[in-house]
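With mmCIF, N, CA and C atoms inside, this is entry_9.cif:
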```
data_upload
#
loop_
_atom_site.label_atom_id
_atom_site.label_comp_id
_atom_site.auth_asym_id
_atom_site.auth_seq_id
_atom_site.Cartn_x
_atom_site.Cartn_y
_atom_site.Cartn_z
N MET A 1 120.89 75.81 -111.56
CA MET A 1 120.72 75.37 -110.19
C MET A 1 121.62 74.17 -109.97
N ARG A 2 122.23 74.15 -108.79
CA ARG A 2 123.12 73.05 -108.43
C ARG A 2 122.89 72.74 -106.95
N THR A 3 122.80 71.46 -106.60
CA THR A 3 122.68 71.04 -105.21
C THR A 3 123.84 70.13 -104.87
N LEU A 4 124.50 70.42 -103.77
CA LEU A 4 125.67 69.67 -103.33
C LEU A 4 125.41 69.10 -101.94
N GLN A 5 125.97 67.93 -101.65
CA GLN A 5 125.83 67.35 -100.32
C GLN A 5 127.06 67.67 -99.50
N SER A 6 126.83 68.07 -98.24
CA SER A 6 127.90 68.35 -97.31
C SER A 6 127.57 67.65 -96.00
N GLY A 7 128.13 66.48 -95.79
CA GLY A 7 127.80 65.68 -94.61
C GLY A 7 126.35 65.26 -94.68
N SER A 8 125.56 65.64 -93.66
CA SER A 8 124.13 65.28 -93.65
C SER A 8 123.25 66.43 -94.13
N ALA A 9 123.85 67.49 -94.64
CA ALA A 9 123.11 68.64 -95.15
C ALA A 9 123.32 68.77 -96.66
N TYR A 10 122.47 69.58 -97.28
CA TYR A 10 122.58 69.87 -98.71
C TYR A 10 122.69 71.37 -98.89
N ILE A 11 123.41 71.79 -99.91
CA ILE A 11 123.55 73.21 -100.24
C ILE A 11 123.04 73.39 -101.67
N THR A 12 122.12 74.33 -101.85
CA THR A 12 121.57 74.62 -103.17
C THR A 12 121.97 76.02 -103.59
N VAL A 13 122.46 76.14 -104.81
CA VAL A 13 122.78 77.43 -105.41
C VAL A 13 121.89 77.59 -106.63
N VAL A 14 121.08 78.66 -106.64
CA VAL A 14 120.21 78.97 -107.77
C VAL A 14 120.70 80.29 -108.34
N ALA A 15 121.02 80.30 -109.63
CA ALA A 15 121.54 81.51 -110.26
C ALA A 15 120.83 81.77 -111.58
N ASN A 16 120.61 83.03 -111.87
CA ASN A 16 120.03 83.47 -113.13
C ASN A 16 121.01 84.44 -113.76
N GLY A 17 121.70 84.00 -114.80
CA GLY A 17 122.66 84.85 -115.48
C GLY A 17 122.06 85.72 -116.56
N GLY A 18 120.74 85.58 -116.75
CA GLY A 18 120.07 86.33 -117.81
C GLY A 18 119.70 87.74 -117.40
N THR A 19 119.19 88.49 -118.37
CA THR A 19 118.80 89.87 -118.13
C THR A 19 117.32 90.01 -117.78
N GLU A 20 116.59 88.89 -117.73
CA GLU A 20 115.18 88.90 -117.36
C GLU A 20 114.95 87.92 -116.22
N ALA A 21 113.91 88.17 -115.44
CA ALA A 21 113.56 87.26 -114.35
C ALA A 21 113.20 85.88 -114.91
N ARG A 22 113.51 84.85 -114.17
CA ARG A 22 113.21 83.46 -114.57
C ARG A 22 112.52 82.76 -113.41
N THR A 23 111.70 81.78 -113.75
CA THR A 23 111.01 81.00 -112.73
C THR A 23 111.63 79.61 -112.68
N CYS A 24 111.83 79.12 -111.47
CA CYS A 24 112.33 77.76 -111.30
C CYS A 24 111.54 77.11 -110.16
N ASN A 25 111.60 75.79 -110.09
CA ASN A 25 110.88 75.06 -109.06
C ASN A 25 111.89 74.31 -108.20
N VAL A 26 111.91 74.63 -106.91
CA VAL A 26 112.81 73.97 -105.98
C VAL A 26 111.95 73.21 -104.98
N GLN A 27 112.16 71.89 -104.92
CA GLN A 27 111.40 71.07 -103.98
C GLN A 27 112.27 70.71 -102.79
N ALA A 28 111.72 70.89 -101.61
CA ALA A 28 112.45 70.57 -100.38
C ALA A 28 112.60 69.07 -100.23
N PRO A 29 113.80 68.60 -99.88
CA PRO A 29 113.96 67.18 -99.60
C PRO A 29 113.10 66.81 -98.38
N ALA A 30 112.55 65.63 -98.37
CA ALA A 30 111.69 65.19 -97.26
C ALA A 30 112.46 65.28 -95.94
N GLY A 31 111.85 65.94 -94.95
CA GLY A 31 112.44 66.04 -93.63
C GLY A 31 113.49 67.14 -93.48
N PHE A 32 113.66 67.98 -94.49
CA PHE A 32 114.66 69.05 -94.44
C PHE A 32 113.98 70.41 -94.54
N SER A 33 114.61 71.43 -93.97
CA SER A 33 114.13 72.80 -94.11
C SER A 33 115.30 73.69 -94.50
N PRO A 34 115.03 74.74 -95.31
CA PRO A 34 116.12 75.59 -95.80
C PRO A 34 116.48 76.71 -94.83
N ARG A 35 117.75 77.06 -94.84
CA ARG A 35 118.24 78.27 -94.17
C ARG A 35 118.98 79.05 -95.24
N VAL A 36 118.47 80.22 -95.58
CA VAL A 36 119.03 81.01 -96.68
C VAL A 36 120.33 81.66 -96.23
N LEU A 37 121.39 81.44 -97.02
CA LEU A 37 122.68 82.05 -96.74
C LEU A 37 122.88 83.33 -97.54
N TRP A 38 122.24 83.40 -98.71
CA TRP A 38 122.40 84.56 -99.58
C TRP A 38 121.18 84.68 -100.48
N GLY A 39 120.69 85.88 -100.68
CA GLY A 39 119.61 86.12 -101.63
C GLY A 39 118.23 86.08 -101.01
N ASP A 40 117.25 86.04 -101.87
CA ASP A 40 115.85 86.09 -101.49
C ASP A 40 115.38 84.71 -101.02
N ALA A 41 114.80 84.64 -99.84
CA ALA A 41 114.35 83.37 -99.28
C ALA A 41 113.31 82.69 -100.17
N SER A 42 112.49 83.46 -100.88
CA SER A 42 111.46 82.86 -101.71
C SER A 42 112.05 82.14 -102.92
N ALA A 43 113.31 82.38 -103.24
CA ALA A 43 113.92 81.75 -104.41
C ALA A 43 114.36 80.31 -104.15
N VAL A 44 114.26 79.85 -102.92
CA VAL A 44 114.72 78.48 -102.63
C VAL A 44 113.60 77.54 -102.20
N THR A 45 112.35 77.98 -102.31
CA THR A 45 111.24 77.10 -101.98
C THR A 45 110.11 77.27 -102.99
N GLY A 46 109.65 76.18 -103.54
CA GLY A 46 108.53 76.20 -104.47
C GLY A 46 108.86 76.80 -105.81
N ALA A 47 107.82 77.13 -106.57
CA ALA A 47 107.98 77.74 -107.89
C ALA A 47 108.07 79.25 -107.71
N THR A 48 109.24 79.79 -107.87
CA THR A 48 109.44 81.21 -107.61
C THR A 48 110.28 81.85 -108.70
N ALA A 49 110.21 83.16 -108.76
CA ALA A 49 110.99 83.90 -109.75
C ALA A 49 112.30 84.37 -109.13
N LEU A 50 113.33 84.31 -109.92
CA LEU A 50 114.64 84.84 -109.53
C LEU A 50 114.93 86.00 -110.46
N GLY A 51 115.21 87.15 -109.91
CA GLY A 51 115.43 88.35 -110.71
C GLY A 51 116.61 88.24 -111.66
N ALA A 52 116.69 89.20 -112.56
CA ALA A 52 117.78 89.25 -113.52
C ALA A 52 119.12 89.25 -112.79
N ARG A 53 120.01 88.38 -113.22
CA ARG A 53 121.34 88.23 -112.64
C ARG A 53 121.30 87.96 -111.13
N GLY A 54 120.20 87.37 -110.68
CA GLY A 54 120.03 87.08 -109.26
C GLY A 54 120.63 85.74 -108.86
N THR A 55 120.96 85.63 -107.58
CA THR A 55 121.52 84.40 -107.03
C THR A 55 120.94 84.18 -105.64
N ALA A 56 120.68 82.92 -105.31
CA ALA A 56 120.24 82.55 -103.97
C ALA A 56 120.99 81.29 -103.56
N VAL A 57 121.39 81.22 -102.30
CA VAL A 57 122.11 80.06 -101.76
C VAL A 57 121.42 79.65 -100.46
N ALA A 58 121.15 78.37 -100.32
CA ALA A 58 120.50 77.86 -99.10
C ALA A 58 121.16 76.57 -98.67
N VAL A 59 121.17 76.34 -97.37
CA VAL A 59 121.62 75.06 -96.82
C VAL A 59 120.36 74.39 -96.28
N TRP A 60 120.19 73.12 -96.62
CA TRP A 60 119.04 72.32 -96.18
C TRP A 60 119.50 71.43 -95.03
N GLU A 61 118.86 71.60 -93.87
CA GLU A 61 119.22 70.82 -92.70
C GLU A 61 118.00 70.03 -92.24
N ARG A 62 118.26 68.88 -91.61
CA ARG A 62 117.16 68.06 -91.09
C ARG A 62 116.36 68.85 -90.07
N LYS A 63 115.03 68.70 -90.15
CA LYS A 63 114.16 69.35 -89.16
C LYS A 63 114.39 68.70 -87.81
N LYS A 64 114.42 69.52 -86.78
CA LYS A 64 114.67 69.00 -85.42
C LYS A 64 113.40 68.69 -84.71
#
```
Encoded form (structure tokens):
Amino acid sequence: MRTLQSGSAYITVVANGGTEARTCNVQAPAGFSPRVLWGDASAVTGATALGARGTAVAVWERKK
């Protein structure tokens, strides 16, 4: 998992290069909400499983 800052937003990339599902925990930054750009929306919030060789990308923007 990698999170990058782009201006006032953040971009998170979660990837599983393994052959089995993996669980990871993604915590939302205070005052931000995710918009999924690629993959399963459940993979970018809370403790969720990412399938084998799965990838999810989300941009976190301030709540309006």
When the PyMOL selection byres (((chain A and resi 61 and name CA) around 6) and name CA) is applied to the file above, which residues end up in the set, as number ranges by chain? A: 9, 32-33, 60, 62
Please list, as a PDB file with N, CA and C atoms, keeping the file's coordinate frame, the residues that have an atom at most 12 Å away from (109.2, 79.5, -100.0) in the coordinates of this file, counting only C-alpha atoms.
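What landed in out20.pdb:
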```pdb
ATOM      1  N   CYS A  24     111.830  79.120-111.470  1.00  0.00           N
ATOM      2  CA  CYS A  24     112.330  77.760-111.300  1.00  0.00           C
ATOM      3  C   CYS A  24     111.540  77.110-110.160  1.00  0.00           C
ATOM      4  N   ASN A  25     111.600  75.790-110.090  1.00  0.00           N
ATOM      5  CA  ASN A  25     110.880  75.060-109.060  1.00  0.00           C
ATOM      6  C   ASN A  25     111.890  74.310-108.200  1.00  0.00           C
ATOM      7  N   VAL A  26     111.910  74.630-106.910  1.00  0.00           N
ATOM      8  CA  VAL A  26     112.810  73.970-105.980  1.00  0.00           C
ATOM      9  C   VAL A  26     111.950  73.210-104.980  1.00  0.00           C
ATOM     10  N   GLN A  27     112.160  71.890-104.920  1.00  0.00           N
ATOM     11  CA  GLN A  27     111.400  71.070-103.980  1.00  0.00           C
ATOM     12  C   GLN A  27     112.270  70.710-102.790  1.00  0.00           C
ATOM     13  N   ALA A  28     111.720  70.890-101.610  1.00  0.00           N
ATOM     14  CA  ALA A  28     112.450  70.570-100.380  1.00  0.00           C
ATOM     15  C   ALA A  28     112.600  69.070-100.230  1.00  0.00           C
ATOM     16  N   SER A  33     114.610  71.430 -93.970  1.00  0.00           N
ATOM     17  CA  SER A  33     114.130  72.800 -94.110  1.00  0.00           C
ATOM     18  C   SER A  33     115.300  73.690 -94.500  1.00  0.00           C
ATOM     19  N   PRO A  34     115.030  74.740 -95.310  1.00  0.00           N
ATOM     20  CA  PRO A  34     116.120  75.590 -95.800  1.00  0.00           C
ATOM     21  C   PRO A  34     116.480  76.710 -94.830  1.00  0.00           C
ATOM     22  N   ARG A  35     117.750  77.060 -94.840  1.00  0.00           N
ATOM     23  CA  ARG A  35     118.240  78.270 -94.170  1.00  0.00           C
ATOM     24  C   ARG A  35     118.980  79.050 -95.240  1.00  0.00           C
ATOM     25  N   VAL A  36     118.470  80.220 -95.580  1.00  0.00           N
ATOM     26  CA  VAL A  36     119.030  81.010 -96.680  1.00  0.00           C
ATOM     27  C   VAL A  36     120.330  81.660 -96.230  1.00  0.00           C
ATOM     28  N   ASP A  40     117.250  86.040-101.870  1.00  0.00           N
ATOM     29  CA  ASP A  40     115.850  86.090-101.490  1.00  0.00           C
ATOM     30  C   ASP A  40     115.380  84.710-101.020  1.00  0.00           C
ATOM     31  N   ALA A  41     114.800  84.640 -99.840  1.00  0.00           N
ATOM     32  CA  ALA A  41     114.350  83.370 -99.280  1.00  0.00           C
ATOM     33  C   ALA A  41     113.310  82.690-100.170  1.00  0.00           C
ATOM     34  N   SER A  42     112.490  83.460-100.880  1.00  0.00           N
ATOM     35  CA  SER A  42     111.460  82.860-101.710  1.00  0.00           C
ATOM     36  C   SER A  42     112.050  82.140-102.920  1.00  0.00           C
ATOM     37  N   ALA A  43     113.310  82.380-103.240  1.00  0.00           N
ATOM     38  CA  ALA A  43     113.920  81.750-104.410  1.00  0.00           C
ATOM     39  C   ALA A  43     114.360  80.310-104.150  1.00  0.00           C
ATOM     40  N   VAL A  44     114.260  79.850-102.920  1.00  0.00           N
ATOM     41  CA  VAL A  44     114.720  78.480-102.630  1.00  0.00           C
ATOM     42  C   VAL A  44     113.600  77.540-102.200  1.00  0.00           C
ATOM     43  N   THR A  45     112.350  77.980-102.310  1.00  0.00           N
ATOM     44  CA  THR A  45     111.240  77.100-101.980  1.00  0.00           C
ATOM     45  C   THR A  45     110.110  77.270-102.990  1.00  0.00           C
ATOM     46  N   GLY A  46     109.650  76.180-103.540  1.00  0.00           N
ATOM     47  CA  GLY A  46     108.530  76.200-104.470  1.00  0.00           C
ATOM     48  C   GLY A  46     108.860  76.800-105.810  1.00  0.00           C
ATOM     49  N   ALA A  47     107.820  77.130-106.570  1.00  0.00           N
ATOM     50  CA  ALA A  47     107.980  77.740-107.890  1.00  0.00           C
ATOM     51  C   ALA A  47     108.070  79.250-107.710  1.00  0.00           C
ATOM     52  N   THR A  48     109.240  79.790-107.870  1.00  0.00           N
ATOM     53  CA  THR A  48     109.440  81.210-107.610  1.00  0.00           C
ATOM     54  C   THR A  48     110.280  81.850-108.700  1.00  0.00           C
ATOM     55  N   ALA A  49     110.210  83.160-108.760  1.00  0.00           N
ATOM     56  CA  ALA A  49     110.990  83.900-109.750  1.00  0.00           C
ATOM     57  C   ALA A  49     112.300  84.370-109.130  1.00  0.00           C
ATOM     58  N   ALA A  58     121.150  78.370-100.320  1.00  0.00           N
ATOM     59  CA  ALA A  58     120.500  77.860 -99.100  1.00  0.00           C
ATOM     60  C   ALA A  58     121.160  76.570 -98.670  1.00  0.00           C
TER      61      ALA A  58
END
```
Residue by residue, what does the PyMOL selection byres ((chain A and resi 22) around 8) grab here? Present the result as number ranges by chain. A: 16, 18-21, 23-25, 48-54
What lies within 5 Å of A:Thr55 using all atoms listed in the file, ignoring chain neighbours under 2 positions off, as an MDAnalysis selection string? chainID A and resid 14:15 39 53 57
Rounded to one decimal, what separation in Å do you get between atom N of A:Arg2 and atom N of A:Lys64? 23.8 Å
I'd like to know which residues of chain A are strand (DSSP E) (by DSSP, run on the backbone); could you write them as an MDAnalysis selection string? chainID A and resid 2:6 9:15 22:26 32:38 46:50 55:62
For atom CA of A:Met1 and atom CA of A:Trp38, quote the distance in Å rounded to one decimal.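 Separating atom CA of A:Met1 from atom CA of A:Trp38 is a distance of 14.1 Å.
Atom pair atom N of A:Pro29 / atom CA of A:Gly17: separated by 24.2 Å.
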Would you mind exporting stretch 19-34 of chain A with all heavy atoms, as a tab-separated table (two decimals), in the first residue's frame?
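Heads up, here's the output in out.tsv:
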```
chain	number	residue	atom	x	y	z
A	19	THR	N	-0.79	-14.84	-4.52
A	19	THR	CA	-1.76	-15.73	-5.15
A	19	THR	C	-2.95	-16.02	-4.25
A	19	THR	O	-3.84	-16.76	-4.65
A	19	THR	CB	-1.09	-17.06	-5.56
A	19	THR	OG1	-0.54	-17.66	-4.38
A	19	THR	CG2	-0.02	-16.84	-6.60
A	20	GLU	N	-2.97	-15.45	-3.04
A	20	GLU	CA	-4.09	-15.62	-2.12
A	20	GLU	C	-4.60	-14.26	-1.68
A	20	GLU	O	-3.86	-13.27	-1.68
A	20	GLU	CB	-3.63	-16.41	-0.89
A	20	GLU	CG	-3.18	-17.82	-1.20
A	20	GLU	CD	-2.73	-18.56	0.05
A	20	GLU	OE1	-3.02	-18.09	1.15
A	20	GLU	OE2	-2.07	-19.59	-0.11
A	21	ALA	N	-5.87	-14.20	-1.30
A	21	ALA	CA	-6.44	-12.95	-0.80
A	21	ALA	C	-5.71	-12.50	0.47
A	21	ALA	O	-5.24	-13.33	1.25
A	21	ALA	CB	-7.92	-13.14	-0.51
A	22	ARG	N	-5.60	-11.22	0.66
A	22	ARG	CA	-4.95	-10.64	1.84
A	22	ARG	C	-5.86	-9.59	2.44
A	22	ARG	O	-6.65	-8.96	1.74
A	22	ARG	CB	-3.62	-9.97	1.47
A	22	ARG	CG	-2.59	-10.88	0.89
A	22	ARG	CD	-1.99	-11.73	1.96
A	22	ARG	NE	-0.98	-12.58	1.36
A	22	ARG	CZ	-0.53	-13.66	1.93
A	22	ARG	NH1	-0.98	-14.02	3.10
A	22	ARG	NH2	0.37	-14.39	1.33
A	23	THR	N	-5.73	-9.39	3.74
A	23	THR	CA	-6.52	-8.38	4.43
A	23	THR	C	-5.61	-7.22	4.81
A	23	THR	O	-4.48	-7.43	5.26
A	23	THR	CB	-7.15	-8.96	5.71
A	23	THR	OG1	-7.99	-10.06	5.33
A	23	THR	CG2	-7.99	-7.93	6.43
A	24	CYS	N	-6.10	-6.02	4.61
A	24	CYS	CA	-5.35	-4.83	5.03
A	24	CYS	C	-6.33	-3.85	5.67
A	24	CYS	O	-7.54	-3.97	5.50
A	24	CYS	CB	-4.63	-4.19	3.85
A	24	CYS	SG	-5.74	-3.56	2.58
A	25	ASN	N	-5.81	-2.90	6.42
A	25	ASN	CA	-6.65	-1.92	7.09
A	25	ASN	C	-6.31	-0.54	6.55
A	25	ASN	O	-5.16	-0.09	6.65
A	25	ASN	CB	-6.42	-1.98	8.60
A	25	ASN	CG	-7.40	-1.11	9.35
A	25	ASN	OD1	-8.45	-0.76	8.84
A	25	ASN	ND2	-7.05	-0.75	10.56
A	26	VAL	N	-7.29	0.12	5.97
A	26	VAL	CA	-7.10	1.47	5.44
A	26	VAL	C	-7.99	2.41	6.25
A	26	VAL	O	-9.20	2.21	6.31
A	26	VAL	CB	-7.49	1.54	3.94
A	26	VAL	CG1	-7.32	2.95	3.41
A	26	VAL	CG2	-6.65	0.56	3.13
A	27	GLN	N	-7.37	3.40	6.88
A	27	GLN	CA	-8.13	4.36	7.67
A	27	GLN	C	-8.25	5.66	6.91
A	27	GLN	O	-7.26	6.18	6.39
A	27	GLN	CB	-7.44	4.61	9.00
A	27	GLN	CG	-7.41	3.39	9.90
A	27	GLN	CD	-6.72	3.65	11.20
A	27	GLN	OE1	-5.81	4.46	11.28
A	27	GLN	NE2	-7.15	2.96	12.24
A	28	ALA	N	-9.47	6.18	6.86
A	28	ALA	CA	-9.72	7.44	6.15
A	28	ALA	C	-9.11	8.60	6.92
A	28	ALA	O	-9.23	8.66	8.15
A	28	ALA	CB	-11.22	7.66	6.00
A	29	PRO	N	-8.43	9.50	6.22
A	29	PRO	CA	-7.93	10.70	6.89
A	29	PRO	C	-9.13	11.52	7.39
A	29	PRO	O	-10.18	11.55	6.74
A	29	PRO	CB	-7.19	11.47	5.79
A	29	PRO	CG	-7.02	10.50	4.66
A	29	PRO	CD	-8.08	9.47	4.81
A	30	ALA	N	-8.98	12.16	8.53
A	30	ALA	CA	-10.08	12.96	9.09
A	30	ALA	C	-10.55	14.02	8.10
A	30	ALA	O	-9.74	14.74	7.52
A	30	ALA	CB	-9.62	13.62	10.38
A	31	GLY	N	-11.85	14.06	7.85
A	31	GLY	CA	-12.43	15.06	6.96
A	31	GLY	C	-12.35	14.73	5.48
A	31	GLY	O	-12.68	15.56	4.65
A	32	PHE	N	-11.90	13.52	5.13
A	32	PHE	CA	-11.76	13.13	3.73
A	32	PHE	C	-12.67	11.95	3.42
A	32	PHE	O	-12.98	11.14	4.29
A	32	PHE	CB	-10.32	12.73	3.41
A	32	PHE	CG	-9.37	13.88	3.31
A	32	PHE	CD1	-8.89	14.50	4.45
A	32	PHE	CD2	-8.95	14.35	2.08
A	32	PHE	CE1	-8.02	15.57	4.36
A	32	PHE	CE2	-8.08	15.41	1.97
A	32	PHE	CZ	-7.62	16.03	3.12
A	33	SER	N	-13.09	11.83	2.17
A	33	SER	CA	-13.85	10.67	1.73
A	33	SER	C	-13.23	10.15	0.44
A	33	SER	O	-12.71	10.92	-0.36
A	33	SER	CB	-15.33	11.02	1.52
A	33	SER	OG	-15.46	12.02	0.55
A	34	PRO	N	-13.29	8.81	0.23
A	34	PRO	CA	-12.65	8.23	-0.95
A	34	PRO	C	-13.54	8.23	-2.18
A	34	PRO	O	-14.76	8.12	-2.09
A	34	PRO	CB	-12.36	6.80	-0.51
A	34	PRO	CG	-13.48	6.49	0.43
A	34	PRO	CD	-13.79	7.78	1.14
```
